[in-house]
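Source file: model_20.cif; contents: mmCIF, C-alpha atoms.
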data_query
loop_
_atom_site.label_atom_id
_atom_site.label_comp_id
_atom_site.auth_asym_id
_atom_site.auth_seq_id
_atom_site.Cartn_x
_atom_site.Cartn_y
_atom_site.Cartn_z
CA MET A 1 -6.62 -10.82 13.54
CA LYS A 2 -8.31 -10.28 16.89
CA SER A 3 -10.25 -7.27 15.65
CA GLU A 4 -11.48 -9.23 12.63
CA ALA A 5 -12.66 -12.07 14.87
CA ARG A 6 -14.39 -9.50 17.06
CA GLN A 7 -16.17 -8.17 14.00
CA GLY A 8 -17.35 -11.70 13.27
CA ASP A 9 -18.58 -12.02 16.86
CA LEU A 10 -20.68 -8.89 16.47
CA LYS A 11 -22.16 -10.11 13.18
CA ILE A 12 -23.14 -13.38 14.85
CA GLU A 13 -24.62 -11.55 17.81
CA TRP A 14 -26.74 -9.39 15.48
CA ALA A 15 -27.97 -12.47 13.61
CA ARG A 16 -28.69 -14.36 16.82
CA GLU A 17 -30.82 -11.48 18.14
CA HIS A 18 -33.03 -11.71 15.06
CA MET A 19 -33.39 -15.51 14.89
CA PRO A 20 -35.83 -16.27 17.74
CA VAL A 21 -37.15 -19.54 16.29
CA LEU A 22 -33.67 -21.02 16.17
CA GLY A 23 -33.08 -19.54 19.63
CA GLU A 24 -36.07 -21.44 21.01
CA ILE A 25 -34.75 -24.66 19.48
CA ARG A 26 -31.29 -23.96 20.88
CA LYS A 27 -32.74 -23.69 24.41
CA GLN A 28 -34.40 -27.09 24.01
CA PHE A 29 -31.26 -28.60 22.50
CA ASP A 30 -29.13 -27.23 25.32
CA LYS A 31 -31.46 -28.86 27.84
CA ASP A 32 -31.95 -32.25 26.18
CA LYS A 33 -28.64 -32.71 24.29
CA PRO A 34 -30.30 -34.77 21.51
CA LEU A 35 -27.17 -34.64 19.33
CA ARG A 36 -24.67 -35.80 21.94
CA GLY A 37 -22.17 -38.29 20.59
CA HIS A 38 -22.69 -37.30 16.97
CA THR A 39 -20.44 -35.45 14.54
CA ILE A 40 -21.99 -33.15 11.96
CA GLY A 41 -20.11 -32.18 8.81
CA MET A 42 -21.38 -29.04 7.12
CA ALA A 43 -20.84 -27.31 3.76
CA LEU A 44 -22.87 -24.11 3.85
CA HIS A 45 -22.35 -20.42 3.16
CA VAL A 46 -20.13 -19.47 6.08
CA GLU A 47 -21.57 -16.21 7.33
CA ALA A 48 -23.26 -14.98 10.50
CA LYS A 49 -26.63 -16.72 10.14
CA THR A 50 -24.95 -20.04 9.47
CA ALA A 51 -22.83 -19.51 12.60
CA VAL A 52 -26.04 -19.32 14.67
CA LEU A 53 -27.07 -22.72 13.27
CA VAL A 54 -23.63 -24.08 14.19
CA GLU A 55 -24.10 -22.76 17.74
CA THR A 56 -27.46 -24.48 17.93
CA LEU A 57 -26.10 -27.85 16.84
CA ALA A 58 -23.19 -27.54 19.25
CA ALA A 59 -25.63 -26.67 22.06
CA GLY A 60 -27.37 -29.96 21.27
CA GLY A 61 -24.16 -31.81 22.08
CA ALA A 62 -22.82 -32.35 18.56
CA LYS A 63 -19.27 -31.98 17.38
CA VAL A 64 -19.38 -29.75 14.30
CA ALA A 65 -16.92 -29.18 11.44
CA ILE A 66 -17.80 -26.76 8.65
CA THR A 67 -16.58 -25.35 5.37
CA GLY A 68 -18.08 -23.19 2.64
CA CYS A 69 -20.29 -24.22 -0.26
CA ASN A 70 -19.30 -21.33 -2.53
CA PRO A 71 -15.83 -19.77 -2.95
CA LEU A 72 -17.11 -16.19 -2.76
CA SER A 73 -19.77 -16.43 -0.04
CA THR A 74 -17.46 -17.04 2.92
CA GLN A 75 -17.00 -14.16 5.36
CA ASP A 76 -13.53 -14.56 6.83
CA ASP A 77 -14.35 -12.65 10.03
CA VAL A 78 -17.09 -15.18 10.78
CA VAL A 79 -14.63 -18.01 10.11
CA LEU A 80 -12.31 -16.56 12.75
CA ALA A 81 -15.19 -16.12 15.18
CA LEU A 82 -16.16 -19.78 14.78
CA ARG A 83 -12.60 -20.91 15.33
CA LYS A 84 -12.57 -18.88 18.56
CA ARG A 85 -15.46 -21.10 19.63
CA ASP A 86 -13.33 -24.20 18.92
CA ILE A 87 -15.41 -25.03 15.85
CA PRO A 88 -13.18 -26.45 13.08
CA CYS A 89 -13.89 -24.19 10.10
CA TYR A 90 -12.01 -24.62 6.82
CA ALA A 91 -13.76 -22.04 4.65
CA LYS A 92 -11.85 -19.22 2.98
CA HIS A 93 -13.15 -16.33 0.93
CA ASP A 94 -12.19 -16.39 -2.77
CA CYS A 95 -10.49 -19.76 -2.49
CA SER A 96 -9.34 -21.70 -5.52
CA THR A 97 -11.14 -24.81 -6.74
CA GLU A 98 -8.36 -26.94 -5.26
CA GLU A 99 -8.62 -25.18 -1.90
CA TYR A 100 -12.40 -25.54 -1.97
CA TYR A 101 -12.33 -29.32 -2.35
CA HIS A 102 -9.43 -29.68 0.06
CA ALA A 103 -11.62 -27.98 2.66
CA ILE A 104 -14.44 -30.42 1.87
CA ASP A 105 -12.01 -33.26 2.57
CA GLU A 106 -10.90 -31.66 5.82
CA VAL A 107 -14.49 -31.63 7.07
CA LEU A 108 -14.91 -35.27 6.07
CA ASN A 109 -11.72 -36.15 7.91
CA HIS A 110 -13.68 -35.55 11.12
CA GLY A 111 -15.77 -38.63 10.30
CA PRO A 112 -19.26 -37.10 10.38
CA ASP A 113 -22.26 -39.36 10.85
CA VAL A 114 -24.67 -36.60 9.72
CA THR A 115 -24.02 -34.05 6.97
CA ILE A 116 -25.63 -30.74 6.10
CA ASP A 117 -25.15 -29.54 2.53
CA ASP A 118 -26.03 -26.55 0.38
CA GLY A 119 -25.54 -27.90 -3.13
CA ALA A 120 -24.73 -31.53 -2.22
CA ASP A 121 -20.94 -31.20 -2.61
CA LEU A 122 -20.26 -33.07 0.64
CA ILE A 123 -22.60 -35.88 -0.32
CA PHE A 124 -21.16 -36.09 -3.83
CA LYS A 125 -17.61 -36.18 -2.46
CA ILE A 126 -18.53 -38.98 -0.05
CA HIS A 127 -20.11 -41.04 -2.83
CA SER A 128 -17.25 -40.51 -5.27
CA ASP A 129 -13.99 -40.28 -3.31
CA ARG A 130 -14.73 -40.98 0.36
CA LYS A 131 -16.84 -44.10 0.21
CA GLU A 132 -15.22 -45.47 3.36
CA LEU A 133 -17.37 -43.00 5.32
CA ILE A 134 -20.71 -44.32 4.03
CA PRO A 135 -21.27 -47.15 6.57
CA ASP A 136 -21.12 -44.72 9.49
CA ILE A 137 -23.37 -42.02 8.05
CA ILE A 138 -26.89 -41.98 9.47
CA GLY A 139 -28.26 -39.43 7.04
CA ALA A 140 -27.99 -35.94 5.60
CA CYS A 141 -29.86 -32.68 5.06
CA GLU A 142 -29.82 -30.64 1.84
CA GLU A 143 -30.55 -26.91 1.85
CA THR A 144 -31.12 -25.79 -1.72
CA THR A 145 -33.03 -26.58 -4.92
CA THR A 146 -29.92 -27.41 -6.96
CA GLY A 147 -28.69 -29.90 -4.38
CA VAL A 148 -32.08 -31.59 -4.15
CA HIS A 149 -32.13 -32.03 -7.93
CA ARG A 150 -28.72 -33.72 -7.80
CA LEU A 151 -29.84 -36.00 -4.98
CA ARG A 152 -33.09 -37.02 -6.64
CA ALA A 153 -31.06 -37.93 -9.72
CA MET A 154 -28.80 -40.09 -7.52
CA GLN A 155 -31.85 -41.76 -5.97
CA ALA A 156 -33.35 -42.45 -9.41
CA GLU A 157 -30.14 -44.21 -10.45
CA GLY A 158 -29.94 -46.17 -7.20
CA ALA A 159 -26.68 -44.39 -6.35
CA LEU A 160 -27.73 -42.78 -3.07
CA LYS A 161 -26.24 -44.72 -0.15
CA PHE A 162 -27.92 -43.03 2.84
CA PRO A 163 -31.16 -41.13 3.51
CA VAL A 164 -31.37 -37.40 2.88
CA ILE A 165 -34.00 -34.90 3.98
CA ALA A 166 -34.70 -32.23 1.37
CA VAL A 167 -34.94 -29.25 3.70
CA ASN A 168 -35.47 -27.06 0.64
CA ASP A 169 -38.88 -28.70 0.15
CA ALA A 170 -40.26 -27.50 3.48
CA LYS A 171 -42.97 -24.90 2.95
CA THR A 172 -41.37 -22.76 5.66
CA LYS A 173 -38.21 -22.86 3.56
CA TYR A 174 -39.03 -22.45 -0.12
CA LEU A 175 -42.08 -20.19 0.25
CA PHE A 176 -40.03 -17.73 2.27
CA ASP A 177 -36.29 -18.33 1.81
CA ASN A 178 -36.46 -18.96 -1.95
CA ARG A 179 -39.08 -16.30 -2.66
CA TYR A 180 -38.65 -13.47 -0.17
CA GLY A 181 -35.04 -14.23 0.71
CA THR A 182 -33.74 -14.57 -2.83
CA GLY A 183 -35.90 -11.71 -4.04
CA GLN A 184 -34.65 -9.17 -1.53
CA SER A 185 -31.03 -10.31 -1.29
CA THR A 186 -30.51 -10.57 -5.06
CA LEU A 187 -31.70 -7.03 -5.68
CA ASP A 188 -29.68 -5.88 -2.67
CA GLY A 189 -26.51 -7.46 -4.06
CA ILE A 190 -27.03 -5.91 -7.50
CA ILE A 191 -27.87 -2.46 -6.19
CA ARG A 192 -25.06 -2.20 -3.65
CA THR A 193 -22.53 -3.51 -6.19
CA THR A 194 -23.49 -1.38 -9.19
CA ASN A 195 -25.06 1.69 -7.56
CA LEU A 196 -27.38 1.73 -10.58
CA LEU A 197 -31.06 2.54 -10.74
CA ILE A 198 -33.48 -0.36 -11.22
CA ALA A 199 -36.51 1.77 -12.05
CA GLY A 200 -37.16 2.12 -15.76
CA LYS A 201 -34.86 -0.70 -16.79
CA ASN A 202 -35.71 -3.95 -18.55
CA VAL A 203 -34.84 -6.64 -16.03
CA VAL A 204 -34.72 -10.13 -17.57
CA ILE A 205 -35.24 -13.00 -15.13
CA ALA A 206 -34.44 -16.51 -16.34
CA GLY A 207 -36.66 -19.03 -14.58
CA TYR A 208 -39.95 -18.55 -12.75
CA GLY A 209 -39.58 -20.99 -9.89
CA TRP A 210 -39.85 -19.68 -6.35
CA CYS A 211 -36.53 -17.84 -6.63
CA GLY A 212 -37.49 -16.30 -9.95
CA ARG A 213 -40.88 -15.29 -8.58
CA GLY A 214 -39.23 -13.53 -5.66
CA VAL A 215 -36.73 -11.66 -7.82
CA ALA A 216 -39.45 -10.63 -10.27
CA MET A 217 -41.64 -9.35 -7.46
CA ARG A 218 -38.85 -7.23 -5.96
CA ALA A 219 -37.64 -5.94 -9.34
CA LYS A 220 -41.17 -4.86 -10.18
CA GLY A 221 -41.37 -3.13 -6.81
CA HIS A 222 -38.27 -1.13 -7.74
CA GLY A 223 -39.99 0.06 -10.92
CA ALA A 224 -38.44 -2.31 -13.44
CA ASP A 225 -40.11 -3.58 -16.58
CA VAL A 226 -39.77 -7.30 -15.82
CA ILE A 227 -39.28 -9.88 -18.56
CA VAL A 228 -39.36 -13.61 -17.74
CA THR A 229 -37.84 -16.44 -19.78
CA GLU A 230 -39.03 -19.99 -19.11
CA ILE A 231 -39.04 -23.53 -20.46
CA ASP A 232 -42.07 -24.69 -18.44
CA PRO A 233 -45.38 -23.72 -20.10
CA VAL A 234 -47.32 -23.55 -16.84
CA ARG A 235 -44.76 -21.30 -15.16
CA ALA A 236 -44.56 -19.15 -18.28
CA LEU A 237 -48.32 -18.75 -18.22
CA GLU A 238 -48.23 -17.93 -14.52
CA ALA A 239 -45.56 -15.27 -15.11
CA ARG A 240 -47.72 -13.65 -17.78
CA MET A 241 -50.78 -13.73 -15.54
CA ASP A 242 -48.67 -12.10 -12.82
CA GLY A 243 -48.15 -9.17 -15.17
CA TYR A 244 -44.72 -9.85 -16.66
CA ARG A 245 -43.66 -10.07 -20.29
CA VAL A 246 -42.62 -13.59 -21.32
CA MET A 247 -40.35 -14.39 -24.26
CA PRO A 248 -37.39 -16.59 -25.27
CA MET A 249 -33.94 -15.52 -24.06
CA LYS A 250 -32.82 -14.80 -27.64
CA GLU A 251 -35.51 -12.11 -27.81
CA ALA A 252 -34.98 -10.82 -24.28
CA ALA A 253 -31.24 -10.56 -24.93
CA LYS A 254 -31.85 -7.75 -27.44
CA ILE A 255 -33.65 -5.47 -24.98
CA GLY A 256 -32.48 -6.41 -21.49
CA ASP A 257 -30.57 -3.99 -19.27
CA ILE A 258 -30.07 -6.37 -16.33
CA PHE A 259 -30.10 -10.17 -16.61
CA ILE A 260 -30.63 -12.42 -13.56
CA THR A 261 -30.49 -16.21 -13.86
CA THR A 262 -32.42 -18.32 -11.33
CA THR A 263 -32.81 -21.70 -13.04
CA GLY A 264 -30.19 -24.00 -11.49
CA ASN A 265 -29.29 -25.21 -15.00
CA ILE A 266 -26.29 -24.75 -17.27
CA ASP A 267 -25.88 -22.45 -20.29
CA VAL A 268 -28.93 -20.29 -19.72
CA ILE A 269 -27.07 -17.31 -21.20
CA THR A 270 -24.53 -18.20 -23.89
CA LYS A 271 -22.59 -16.87 -26.85
CA GLU A 272 -25.69 -16.52 -29.01
CA HIS A 273 -27.18 -14.21 -26.39
CA PHE A 274 -24.01 -12.19 -25.70
CA LYS A 275 -23.90 -11.32 -29.42
CA LEU A 276 -27.36 -9.76 -29.19
CA MET A 277 -26.98 -7.79 -25.97
CA LYS A 278 -26.69 -4.04 -26.01
CA GLY A 279 -23.71 -2.27 -24.53
CA GLY A 280 -23.83 -1.75 -20.79
CA ALA A 281 -25.92 -4.83 -20.00
CA VAL A 282 -25.38 -6.22 -16.50
CA LEU A 283 -25.37 -9.99 -15.89
CA ALA A 284 -25.94 -11.61 -12.50
CA ASN A 285 -26.58 -15.16 -11.36
CA ALA A 286 -28.86 -16.07 -8.46
CA GLY A 287 -28.57 -19.83 -8.96
CA HIS A 288 -26.38 -21.95 -6.71
CA PHE A 289 -23.53 -22.83 -9.10
CA ASP A 290 -21.69 -20.53 -11.51
CA VAL A 291 -22.84 -22.41 -14.61
CA GLU A 292 -25.87 -20.47 -15.76
CA ILE A 293 -23.93 -17.72 -17.54
CA ASN A 294 -21.35 -19.31 -19.85
CA LEU A 295 -18.35 -17.20 -18.88
CA ASN A 296 -15.90 -19.34 -20.86
CA GLN A 297 -17.64 -18.32 -24.05
CA LEU A 298 -17.78 -14.70 -22.94
CA ARG A 299 -14.03 -14.71 -22.22
CA GLU A 300 -13.33 -16.11 -25.68
CA MET A 301 -15.40 -13.34 -27.26
CA ALA A 302 -13.83 -10.51 -25.22
CA THR A 303 -10.93 -8.41 -26.47
CA ASP A 304 -10.28 -7.12 -22.96
CA ILE A 305 -11.39 -8.01 -19.42
CA ARG A 306 -10.88 -5.93 -16.30
CA GLU A 307 -12.39 -5.47 -12.86
CA ILE A 308 -13.81 -1.98 -13.15
CA ARG A 309 -15.33 -1.93 -9.68
CA ALA A 310 -15.35 -4.39 -6.78
CA ASN A 311 -17.27 -7.50 -7.91
CA ILE A 312 -17.86 -6.09 -11.42
CA ASP A 313 -15.92 -7.54 -14.36
CA GLU A 314 -16.06 -5.60 -17.62
CA TYR A 315 -15.95 -7.62 -20.85
CA VAL A 316 -15.14 -5.61 -23.99
CA LEU A 317 -16.80 -6.98 -27.13
CA GLY A 318 -15.76 -4.65 -29.93
CA ASP A 319 -17.65 -1.41 -29.40
CA ARG A 320 -19.79 -2.90 -26.61
CA LYS A 321 -19.14 -3.68 -22.96
CA LEU A 322 -20.95 -6.27 -20.84
CA TYR A 323 -20.66 -6.41 -17.06
CA VAL A 324 -20.69 -9.58 -14.94
CA LEU A 325 -21.31 -9.38 -11.20
CA GLY A 326 -19.58 -11.60 -8.62
CA LYS A 327 -17.80 -13.66 -11.30
CA GLY A 328 -21.12 -15.27 -12.17
CA ARG A 329 -21.48 -16.80 -8.72
CA LEU A 330 -24.42 -16.50 -6.36
CA VAL A 331 -24.86 -12.73 -6.51
CA ASN A 332 -26.67 -12.27 -3.22
CA LEU A 333 -23.77 -13.79 -1.27
CA ALA A 334 -20.83 -13.06 -3.56
CA THR A 335 -21.67 -9.35 -3.48
CA GLY A 336 -23.89 -9.05 -0.39
CA ASP A 337 -24.84 -10.62 2.92
CA GLY A 338 -27.25 -13.24 1.61
CA HIS A 339 -30.82 -13.79 2.67
CA PRO A 340 -32.37 -11.65 5.39
CA VAL A 341 -31.80 -12.91 8.92
CA GLU A 342 -35.48 -13.46 9.74
CA VAL A 343 -35.92 -15.68 6.68
CA MET A 344 -32.93 -17.86 7.51
CA ASP A 345 -34.33 -18.21 11.02
CA MET A 346 -36.95 -20.54 9.55
CA SER A 347 -34.67 -22.33 7.08
CA PHE A 348 -32.06 -23.13 9.71
CA ALA A 349 -34.71 -24.07 12.26
CA ASN A 350 -35.76 -26.74 9.76
CA GLN A 351 -32.14 -27.85 9.43
CA ALA A 352 -31.65 -28.23 13.19
CA LEU A 353 -34.90 -30.11 13.70
CA CYS A 354 -34.26 -32.38 10.71
CA VAL A 355 -30.83 -33.31 12.07
CA ARG A 356 -32.51 -34.34 15.30
CA TYR A 357 -35.15 -36.27 13.32
CA ILE A 358 -32.47 -38.18 11.39
CA ILE A 359 -30.74 -39.18 14.61
CA GLU A 360 -33.98 -40.16 16.35
CA HIS A 361 -34.99 -42.34 13.37
CA ARG A 362 -31.63 -43.98 12.80
CA GLY A 363 -32.03 -47.24 10.89
CA GLU A 364 -35.69 -46.55 10.01
CA LEU A 365 -35.14 -44.55 6.82
CA GLU A 366 -34.27 -46.03 3.44
CA ASN A 367 -31.68 -44.57 1.08
CA ASN A 368 -34.07 -42.06 -0.43
CA VAL A 369 -34.68 -38.31 -0.51
CA TYR A 370 -37.38 -37.43 2.02
CA SER A 371 -39.51 -34.35 2.46
CA VAL A 372 -39.38 -32.51 5.77
CA PRO A 373 -41.93 -34.11 8.11
CA GLN A 374 -45.11 -32.03 8.25
CA GLU A 375 -44.93 -31.72 12.01
CA ILE A 376 -41.54 -30.02 11.75
CA ASP A 377 -42.76 -27.66 9.03
CA GLU A 378 -45.80 -26.67 11.08
CA LEU A 379 -43.80 -26.29 14.29
CA VAL A 380 -41.45 -23.84 12.58
CA ALA A 381 -44.42 -21.86 11.24
CA ARG A 382 -46.14 -21.73 14.62
CA LEU A 383 -42.96 -20.62 16.38
CA LYS A 384 -42.42 -17.91 13.77
CA LEU A 385 -45.98 -16.65 14.23
CA LYS A 386 -45.48 -16.66 17.99
CA PHE A 387 -42.42 -14.45 17.78
CA MET A 388 -44.18 -12.17 15.31
CA ASP A 389 -46.99 -11.84 17.88
CA ILE A 390 -49.56 -13.19 15.42
CA GLN A 391 -52.46 -15.38 16.48
CA ILE A 392 -54.59 -17.47 14.14
CA ASP A 393 -57.98 -19.18 14.33
CA GLN A 394 -58.54 -22.82 15.28
CA MET A 395 -61.13 -25.17 13.81
CA SER A 396 -64.02 -26.15 16.05
CA GLY A 397 -64.87 -29.81 16.56
CA GLU A 398 -67.80 -29.47 14.17
CA GLN A 399 -65.57 -27.91 11.52
CA LYS A 400 -63.07 -30.76 11.84
CA ARG A 401 -65.85 -33.31 11.42
CA TYR A 402 -67.16 -31.43 8.37
CA VAL A 403 -63.87 -31.28 6.47
CA SER A 404 -62.97 -34.89 7.32
CA GLY A 405 -66.36 -36.45 6.66
CA TRP A 406 -68.34 -37.30 3.56
CA LYS A 407 -71.97 -37.36 4.72
CA TYR A 408 -72.53 -33.61 4.64
CA GLY A 409 -74.41 -32.57 1.51
CA THR A 410 -75.55 -29.27 0.08
#

How does the structure come out when it is put into structure tokens?
Amino acid sequence: MKSEARQGDLKIEWAREHMPVLGEIRKQFDKDKPLRGHTIGMALHVEAKTAVLVETLAAGGAKVAITGCNPLSTQDDVVLALRKRDIPCYAKHDCSTEEYYHAIDEVLNHGPDVTIDDGADLIFKIHSDRKELIPDIIGACEETTTGVHRLRAMQAEGALKFPVIAVNDAKTKYLFDNRYGTGQSTLDGIIRTTNLLIAGKNVVIAGYGWCGRGVAMRAKGHGADVIVTEIDPVRALEARMDGYRVMPMKEAAKIGDIFITTTGNIDVITKEHFKLMKGGAVLANAGHFDVEINLNQLREMATDIREIRANIDEYVLGDRKLYVLGKGRLVNLATGDGHPVEVMDMSFANQALCVRYIIEHRGELENNVYSVPQEIDELVARLKLKFMDIQIDQMSGEQKRYVSGWKYGT
């Protein structure tokens, strides 16, 4: 037990050393204690980078309780390391659905007045089963695209009972975390799990949002022939202009070697597609929830199922075999270490600063989903540039007058 906790300590130390933006914020938090007197409930992927965010919030004076947001993304050694720091952590790797939601309840039992979510499970639980907590909650932060979609739907129906900041919508989040983070970590998870070559294969990517763009870019860099499936005509056109083949999933299913879903929607790959796939096809999901590949239908079709290699389930369909990675869950965390540390440095810097913003603006925000304030987004970018030793130009007074005025002609 002690050695496993020590391993978690070392992981956290490695992450901390490569997250200078969050480190700068932690120094300021430690000095000013802007979160003193507040309790923060968190449901995030419990791994080393998240632990550095927890340290930062605690340095700001907050009491923190945390659990996981995905049954397969938790790293148990990091859980033990957090508990050593007297941080209540209820996450457990490969937990059951019942254990997962019990852990959510345990976090809520601490009576948080601010929540941080990755997928909105905490917020949904509060609104459905723990409504007694609502009067004391100042606000919340949401990390990912899927969660933001859920919350905007709640807002549209008038169901949202406290303000939420969509951290996912910060430019310093989605342009880097979703694109470069998902792109690199998804391919990393697939490669380290399968030990298969990407070059020369048909890699089918469902969805061409920022996550899909990132995965497509990295797959192409590995030498894949990339095929994109889309429902949005503009994104489909953009994918084609970026050099990828675009077609419906029912056509891609016939020729794909590796399938990666990035849509955030249900039933992207279903029975009609499994029937068309060639033997040996590999299926992976890079969306938040395990709903994009319809595994219930695949199980019904299979004559035999076995784990042939760690995190690879083999489904026998007559004379063909299909392979599902990480049980259809978020492949970059279920089979790997998630997004690169330097990317999460920016995402979690946004989280920390948005928590402070919520507390500083208590009572001023309506029960809506808000974008990250521009000043926070720009501060994170400037700090990142600083630590990358990059300088940029500044507009002169004349240039500022030119772009803000209307009297200049040709």

Ground truth for the PyMOL selection byres ((chain A and resi 365-374) around 10), written as a PyMOL selection string: chain A and resi 138-142+148+151-156+158-173+350-351+353-354+357-358+361-364+375-380

Residue members of the PyMOL selection byres ((chain A and resi 245-255) around 10) in the file shown, as a ChimeraX atom specification: /A:201-206,225-231,236-244,256-259,268-270,272-278,281

Separation of CA of Ala310 in chain A from CA of Arg6 in chain A, in Å and rounded to one decimal: 24.4 Å

Using only C-alpha atoms, which of A:Met42, A:Ile190, A:Ile116, A:Leu53 sits nearest Val341 in chain A?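 Using only C-alpha atoms, the shortest distance to Val341 in chain A belongs to A:Leu53.
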
Translate the PyMOL selection byres ((chain A and resi 118) around 7) into a concrete residue list for this structure, as a ChimeraX atom specification. /A:43-44,69,117,119-120,142-144,147
